[in-house]
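Input: a single structure, listed below in structure tokens.
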Amino acid sequence: MSRYRGSVCRQCRRENIKLFLKGDRCFSDKCSFDRRGYPPGQHGQRRSKLSDYGIQLREKQKVRRLYGISEKQFRISFKKADRQKGITGTNLLSLLETRLDNTVFRMGFVNSRTQGRHFVRHNHFIVNGKKVNIPSYQVKKGDVIELREKSKKIQTISDSLDAIVRRGIPQWLEINKEKFKGEVLGVPVREDITLPIQEQLIVELYSK
């Protein structure tokens with residue numbers, strides 16, 4: 001699978017929004033977006049008017065980069081959301097939110113979704129008593145996610161849990177910091193997703 005290896009700070013500047021791709025660094029004075037809040041490149045500071053298609057494309061790219069997934073993965077998620085009952089855009093966001101790499105990030109075990117994907121890949125998490133190392137694994141109501149015993153000694157995870165107060169825990173999740181364990185209380189609804197996303201633009205883009 002293709003993987004972006006460039007500067008993730010450029011992605012925030014390209015989408016003109018802070019995507020919090022580098023964890024704690026995004027809250028510090030070192031954040032590139034705060035220092036240079038314009039698109040990267042030689043002509044980044046020029047004003048340009050986007051077409052309707054351009055606006056829809058940028059919204060899709062923003063959400064894709066926010067969750068750190070490839071175009072193929074994003075398209076698969078959209079098709080799955082389109083087949084489900086309900087509003088396609090809301091279904092899409094719910095599917096992205098309930099990915100395991102995003103869920104461990106939301107629970108506070110890691111500082112970013114990229115770090116969450118890394119830790120999941122390296123077998124640090126157990127779901128319902130079984131090892132799961134697939135970042136795209138879809139969690140569901142009642143699932144219990146916990147760290148492996150050996151992983152509880154990792155300082156990065158402890159520091160991330162201590163800093164969770166700054167981000168907060170969404171209502172559809174519950175975390176027990178002392179036991180390094182969390183539970184999925186339900187399926188996230190649109191009100192639980194406070195990110196500045198206009199999912200209808202993505203639906204319009206893929207409906208053409």
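A note on labels: chains of the structure tokens are A, B, ... as shown, every chain counts residues from 1, and ligands are counted from 1 in their shown order.
Shell of Gln115 in chain A at 12 Å, with only C-alpha atoms counted and residues fewer than 5 places along the chain excluded, is A:Phe20, A:Leu21, A:Lys22, A:Gly23, A:Asp24, A:Tyr67, A:Gly68, A:Leu100, A:Asp101, A:Asn102, A:Thr103, A:Val104, A:Phe105, A:Arg106, A:Gly108, A:Phe109, A:Val110, A:Val120, A:Arg121, A:His122, A:His124, A:Pro135, A:Thr156, A:Ile157, A:Ser160.
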**Asked** Can you tell me, as an MDAnalysis selection string, what residues are no more than 10 Å from Gln56 in chain A when counting only C-alpha atoms, ignoring any on the same chain fewer than 5 positions away?
**Response** chainID A and resid 50:51 61:62 198:206
Output of the above residues as a CSV table (one decimal), in the first residue's frame, restricted to C-alpha atoms:
chain,number,residue,atom,x,y,z
A,50,LEU,CA,-11.8,27.1,-6.2
A,51,SER,CA,-14.5,25.7,-8.5
A,61,GLN,CA,-8.6,15.2,0.8
A,62,LYS,CA,-8.9,16.9,4.2
A,198,GLN,CA,-18.8,19.0,5.5
A,199,GLU,CA,-19.4,15.4,4.6
A,200,GLN,CA,-22.2,16.3,2.1
A,201,LEU,CA,-19.5,17.7,-0.2
A,202,ILE,CA,-17.8,14.3,-0.2
A,203,VAL,CA,-21.1,12.6,-1.1
A,204,GLU,CA,-21.6,15.1,-3.9
A,205,LEU,CA,-18.1,14.4,-5.2
A,206,TYR,CA,-18.5,10.7,-5.4
**Asked** Quick one: of A:Met107, A:Lys140, A:Arg64, A:Ile76, who's nearest to Lys177 in chain A, counting only C-alpha atoms?
**Response** A:Met107
Which parts of range 45-157 of chain A does DSSP call helix (DSSP H, G or I) when run on the backbone here, written out as a PDB file with C-alpha atoms, in the first residue's frame?
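Output saved as result-v3.pdb:
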ATOM      1  CA  ASP A  52     -17.286  23.595  -6.968  1.00  0.00           C
ATOM      2  CA  TYR A  53     -15.347  20.463  -7.854  1.00  0.00           C
ATOM      3  CA  GLY A  54     -12.224  21.890  -6.245  1.00  0.00           C
ATOM      4  CA  ILE A  55     -14.088  22.606  -3.001  1.00  0.00           C
ATOM      5  CA  GLN A  56     -15.474  19.062  -2.922  1.00  0.00           C
ATOM      6  CA  LEU A  57     -12.062  17.580  -3.674  1.00  0.00           C
ATOM      7  CA  ARG A  58     -10.353  19.572  -0.946  1.00  0.00           C
ATOM      8  CA  GLU A  59     -12.982  18.430   1.584  1.00  0.00           C
ATOM      9  CA  LYS A  60     -12.403  14.799   0.636  1.00  0.00           C
ATOM     10  CA  GLN A  61      -8.648  15.199   0.832  1.00  0.00           C
ATOM     11  CA  LYS A  62      -8.945  16.906   4.211  1.00  0.00           C
ATOM     12  CA  VAL A  63     -10.936  14.037   5.735  1.00  0.00           C
ATOM     13  CA  ARG A  64      -8.731  11.397   4.116  1.00  0.00           C
ATOM     14  CA  ARG A  65      -5.593  13.011   5.483  1.00  0.00           C
ATOM     15  CA  LEU A  66      -7.204  13.595   8.865  1.00  0.00           C
ATOM     16  CA  TYR A  67      -7.774   9.868   9.329  1.00  0.00           C
ATOM     17  CA  GLU A  71      -7.551   6.874  -1.492  1.00  0.00           C
ATOM     18  CA  LYS A  72      -8.414   3.196  -2.008  1.00  0.00           C
ATOM     19  CA  GLN A  73      -9.299   2.709   1.657  1.00  0.00           C
ATOM     20  CA  PHE A  74     -11.367   5.887   1.664  1.00  0.00           C
ATOM     21  CA  ARG A  75     -13.300   4.844  -1.431  1.00  0.00           C
ATOM     22  CA  ILE A  76     -14.002   1.407   0.075  1.00  0.00           C
ATOM     23  CA  SER A  77     -15.329   3.082   3.235  1.00  0.00           C
ATOM     24  CA  PHE A  78     -17.558   5.361   1.164  1.00  0.00           C
ATOM     25  CA  LYS A  79     -19.047   2.462  -0.806  1.00  0.00           C
ATOM     26  CA  LYS A  80     -19.726   0.627   2.441  1.00  0.00           C
ATOM     27  CA  ALA A  81     -21.377   3.726   3.923  1.00  0.00           C
ATOM     28  CA  ASP A  82     -23.481   4.167   0.786  1.00  0.00           C
ATOM     29  CA  ARG A  83     -24.848   0.631   1.128  1.00  0.00           C
ATOM     30  CA  THR A  88     -24.372   8.286   3.622  1.00  0.00           C
ATOM     31  CA  GLY A  89     -22.170  11.124   4.904  1.00  0.00           C
ATOM     32  CA  THR A  90     -22.919  10.341   8.544  1.00  0.00           C
ATOM     33  CA  ASN A  91     -22.375   6.627   7.911  1.00  0.00           C
ATOM     34  CA  LEU A  92     -18.984   7.420   6.389  1.00  0.00           C
ATOM     35  CA  LEU A  93     -17.822   9.450   9.386  1.00  0.00           C
ATOM     36  CA  SER A  94     -19.051   6.733  11.746  1.00  0.00           C
ATOM     37  CA  LEU A  95     -17.051   4.096   9.863  1.00  0.00           C
ATOM     38  CA  LEU A  96     -13.926   6.239   9.973  1.00  0.00           C
ATOM     39  CA  GLU A  97     -14.374   6.989  13.668  1.00  0.00           C
ATOM     40  CA  LEU A 100      -9.302   0.679  15.628  1.00  0.00           C
ATOM     41  CA  ASP A 101      -6.411   3.090  15.010  1.00  0.00           C
ATOM     42  CA  ASN A 102      -8.745   6.060  15.459  1.00  0.00           C
ATOM     43  CA  THR A 103     -10.475   4.508  18.476  1.00  0.00           C
ATOM     44  CA  VAL A 104      -7.257   4.032  20.464  1.00  0.00           C
ATOM     45  CA  PHE A 105      -6.409   7.653  19.609  1.00  0.00           C
ATOM     46  CA  ARG A 106      -9.809   8.834  20.822  1.00  0.00           C
ATOM     47  CA  MET A 107      -9.364   6.823  24.024  1.00  0.00           C
ATOM     48  CA  ARG A 113      -3.836   8.506  14.581  1.00  0.00           C
ATOM     49  CA  THR A 114      -0.495   7.789  12.907  1.00  0.00           C
ATOM     50  CA  GLN A 115       0.911   6.656  16.226  1.00  0.00           C
ATOM     51  CA  GLY A 116      -2.256   4.644  16.835  1.00  0.00           C
ATOM     52  CA  ARG A 117      -1.802   2.827  13.526  1.00  0.00           C
ATOM     53  CA  HIS A 118       1.832   2.112  14.452  1.00  0.00           C
ATOM     54  CA  PHE A 119       0.971   0.680  17.863  1.00  0.00           C
ATOM     55  CA  VAL A 120      -1.885  -1.414  16.500  1.00  0.00           C
ATOM     56  CA  ARG A 121       0.383  -2.829  13.788  1.00  0.00           C
ATOM     57  CA  GLU A 149       0.636  -6.398  29.797  1.00  0.00           C
ATOM     58  CA  LYS A 150       4.123  -5.702  28.431  1.00  0.00           C
ATOM     59  CA  SER A 151       2.923  -2.566  26.638  1.00  0.00           C
ATOM     60  CA  LYS A 152       1.721  -0.922  29.859  1.00  0.00           C
ATOM     61  CA  LYS A 153       5.324   0.016  30.648  1.00  0.00           C
ATOM     62  CA  GLN A 155       6.240   5.756  28.684  1.00  0.00           C
ATOM     63  CA  THR A 156       4.744   7.262  25.509  1.00  0.00           C
ATOM     64  CA  ILE A 157       1.388   5.639  26.269  1.00  0.00           C
TER      65      ILE A 157
END
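Neighbouring residues of Gly186 in chain A at 9 Å or closer, counting only C-alpha atoms and skipping chain neighbours under 3 positions away, are Lys140, Lys141, Gly142, Gln171, Trp172, Leu173 and Val189 of chain A.
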Writing out the chosen residues with all heavy atoms as an mmCIF file, in the first residue's frame:
data_model
loop_
_atom_site.group_PDB
_atom_site.id
_atom_site.type_symbol
_atom_site.label_atom_id
_atom_site.label_comp_id
_atom_site.auth_asym_id
_atom_site.auth_seq_id
_atom_site.Cartn_x
_atom_site.Cartn_y
_atom_site.Cartn_z
ATOM 1 N N LYS A 140 -17.111 -2.217 17.590
ATOM 2 C CA LYS A 140 -18.568 -2.113 17.719
ATOM 3 C C LYS A 140 -18.950 -1.997 19.186
ATOM 4 O O LYS A 140 -18.106 -2.162 20.079
ATOM 5 C CB LYS A 140 -19.245 -3.320 17.075
ATOM 6 C CG LYS A 140 -18.801 -4.666 17.611
ATOM 7 C CD LYS A 140 -19.458 -5.793 16.842
ATOM 8 C CE LYS A 140 -19.058 -7.162 17.386
ATOM 9 N NZ LYS A 140 -17.599 -7.418 17.290
ATOM 10 N N LYS A 141 -20.198 -1.722 19.423
ATOM 11 C CA LYS A 141 -20.689 -1.532 20.783
ATOM 12 C C LYS A 141 -20.392 -2.760 21.641
ATOM 13 O O LYS A 141 -20.625 -3.890 21.231
ATOM 14 C CB LYS A 141 -22.199 -1.278 20.767
ATOM 15 C CG LYS A 141 -22.794 -1.032 22.146
ATOM 16 C CD LYS A 141 -24.285 -0.751 22.039
ATOM 17 C CE LYS A 141 -24.886 -0.510 23.424
ATOM 18 N NZ LYS A 141 -26.342 -0.227 23.345
ATOM 19 N N GLY A 142 -19.846 -2.512 22.821
ATOM 20 C CA GLY A 142 -19.530 -3.594 23.747
ATOM 21 C C GLY A 142 -18.104 -4.087 23.671
ATOM 22 O O GLY A 142 -17.649 -4.833 24.550
ATOM 23 N N GLN A 171 -18.385 10.718 23.956
ATOM 24 C CA GLN A 171 -19.401 10.039 24.755
ATOM 25 C C GLN A 171 -19.572 8.573 24.391
ATOM 26 O O GLN A 171 -20.053 7.791 25.207
ATOM 27 C CB GLN A 171 -20.740 10.769 24.618
ATOM 28 C CG GLN A 171 -20.743 12.170 25.201
ATOM 29 C CD GLN A 171 -22.100 12.841 25.114
ATOM 30 O OE1 GLN A 171 -23.041 12.283 24.567
ATOM 31 N NE2 GLN A 171 -22.202 14.037 25.656
ATOM 32 N N TRP A 172 -19.184 8.188 23.199
ATOM 33 C CA TRP A 172 -19.383 6.802 22.784
ATOM 34 C C TRP A 172 -18.265 5.878 23.264
ATOM 35 O O TRP A 172 -18.283 4.674 23.008
ATOM 36 C CB TRP A 172 -19.550 6.708 21.270
ATOM 37 C CG TRP A 172 -18.402 7.227 20.462
ATOM 38 C CD1 TRP A 172 -18.110 8.517 20.183
ATOM 39 C CD2 TRP A 172 -17.394 6.443 19.799
ATOM 40 N NE1 TRP A 172 -16.982 8.609 19.397
ATOM 41 C CE2 TRP A 172 -16.532 7.353 19.147
ATOM 42 C CE3 TRP A 172 -17.153 5.078 19.675
ATOM 43 C CZ2 TRP A 172 -15.440 6.938 18.405
ATOM 44 C CZ3 TRP A 172 -16.059 4.659 18.927
ATOM 45 C CH2 TRP A 172 -15.212 5.581 18.312
ATOM 46 N N LEU A 173 -17.311 6.457 24.006
ATOM 47 C CA LEU A 173 -16.199 5.676 24.539
ATOM 48 C C LEU A 173 -16.054 5.872 26.042
ATOM 49 O O LEU A 173 -16.474 6.896 26.586
ATOM 50 C CB LEU A 173 -14.888 6.072 23.853
ATOM 51 C CG LEU A 173 -14.755 5.794 22.354
ATOM 52 C CD1 LEU A 173 -13.471 6.395 21.823
ATOM 53 C CD2 LEU A 173 -14.823 4.298 22.065
ATOM 54 N N VAL A 189 -22.551 9.110 16.845
ATOM 55 C CA VAL A 189 -23.532 9.826 16.031
ATOM 56 C C VAL A 189 -22.889 11.126 15.547
ATOM 57 O O VAL A 189 -21.794 11.486 15.971
ATOM 58 C CB VAL A 189 -24.817 10.114 16.844
ATOM 59 C CG1 VAL A 189 -25.493 8.812 17.240
ATOM 60 C CG2 VAL A 189 -24.503 10.926 18.092
#
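Between Ile169 in chain A and the candidates A:Leu185, A:Ile69, A:Val127, A:Ile154, the tightest atom-to-atom separation, counting only C-alpha atoms, involves A:Leu185.
Relative to CA of Lys131 in chain A, CA of Ser70 in chain A is found at 24.1 Å.
With CA of Arg167 in chain A on one side and CA of Glu191 in chain A on the other, the separation reads 16.1 Å.
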**Request:** Would you list, as a VMD selection string, the residues of range 26-201 of chain A that end up in strand (DSSP E or B) under DSSP run on this structure's backbone?
**Result:** chain A and resid 99 125 to 127 130 to 131 138 144 to 147 173 to 176 181 to 184
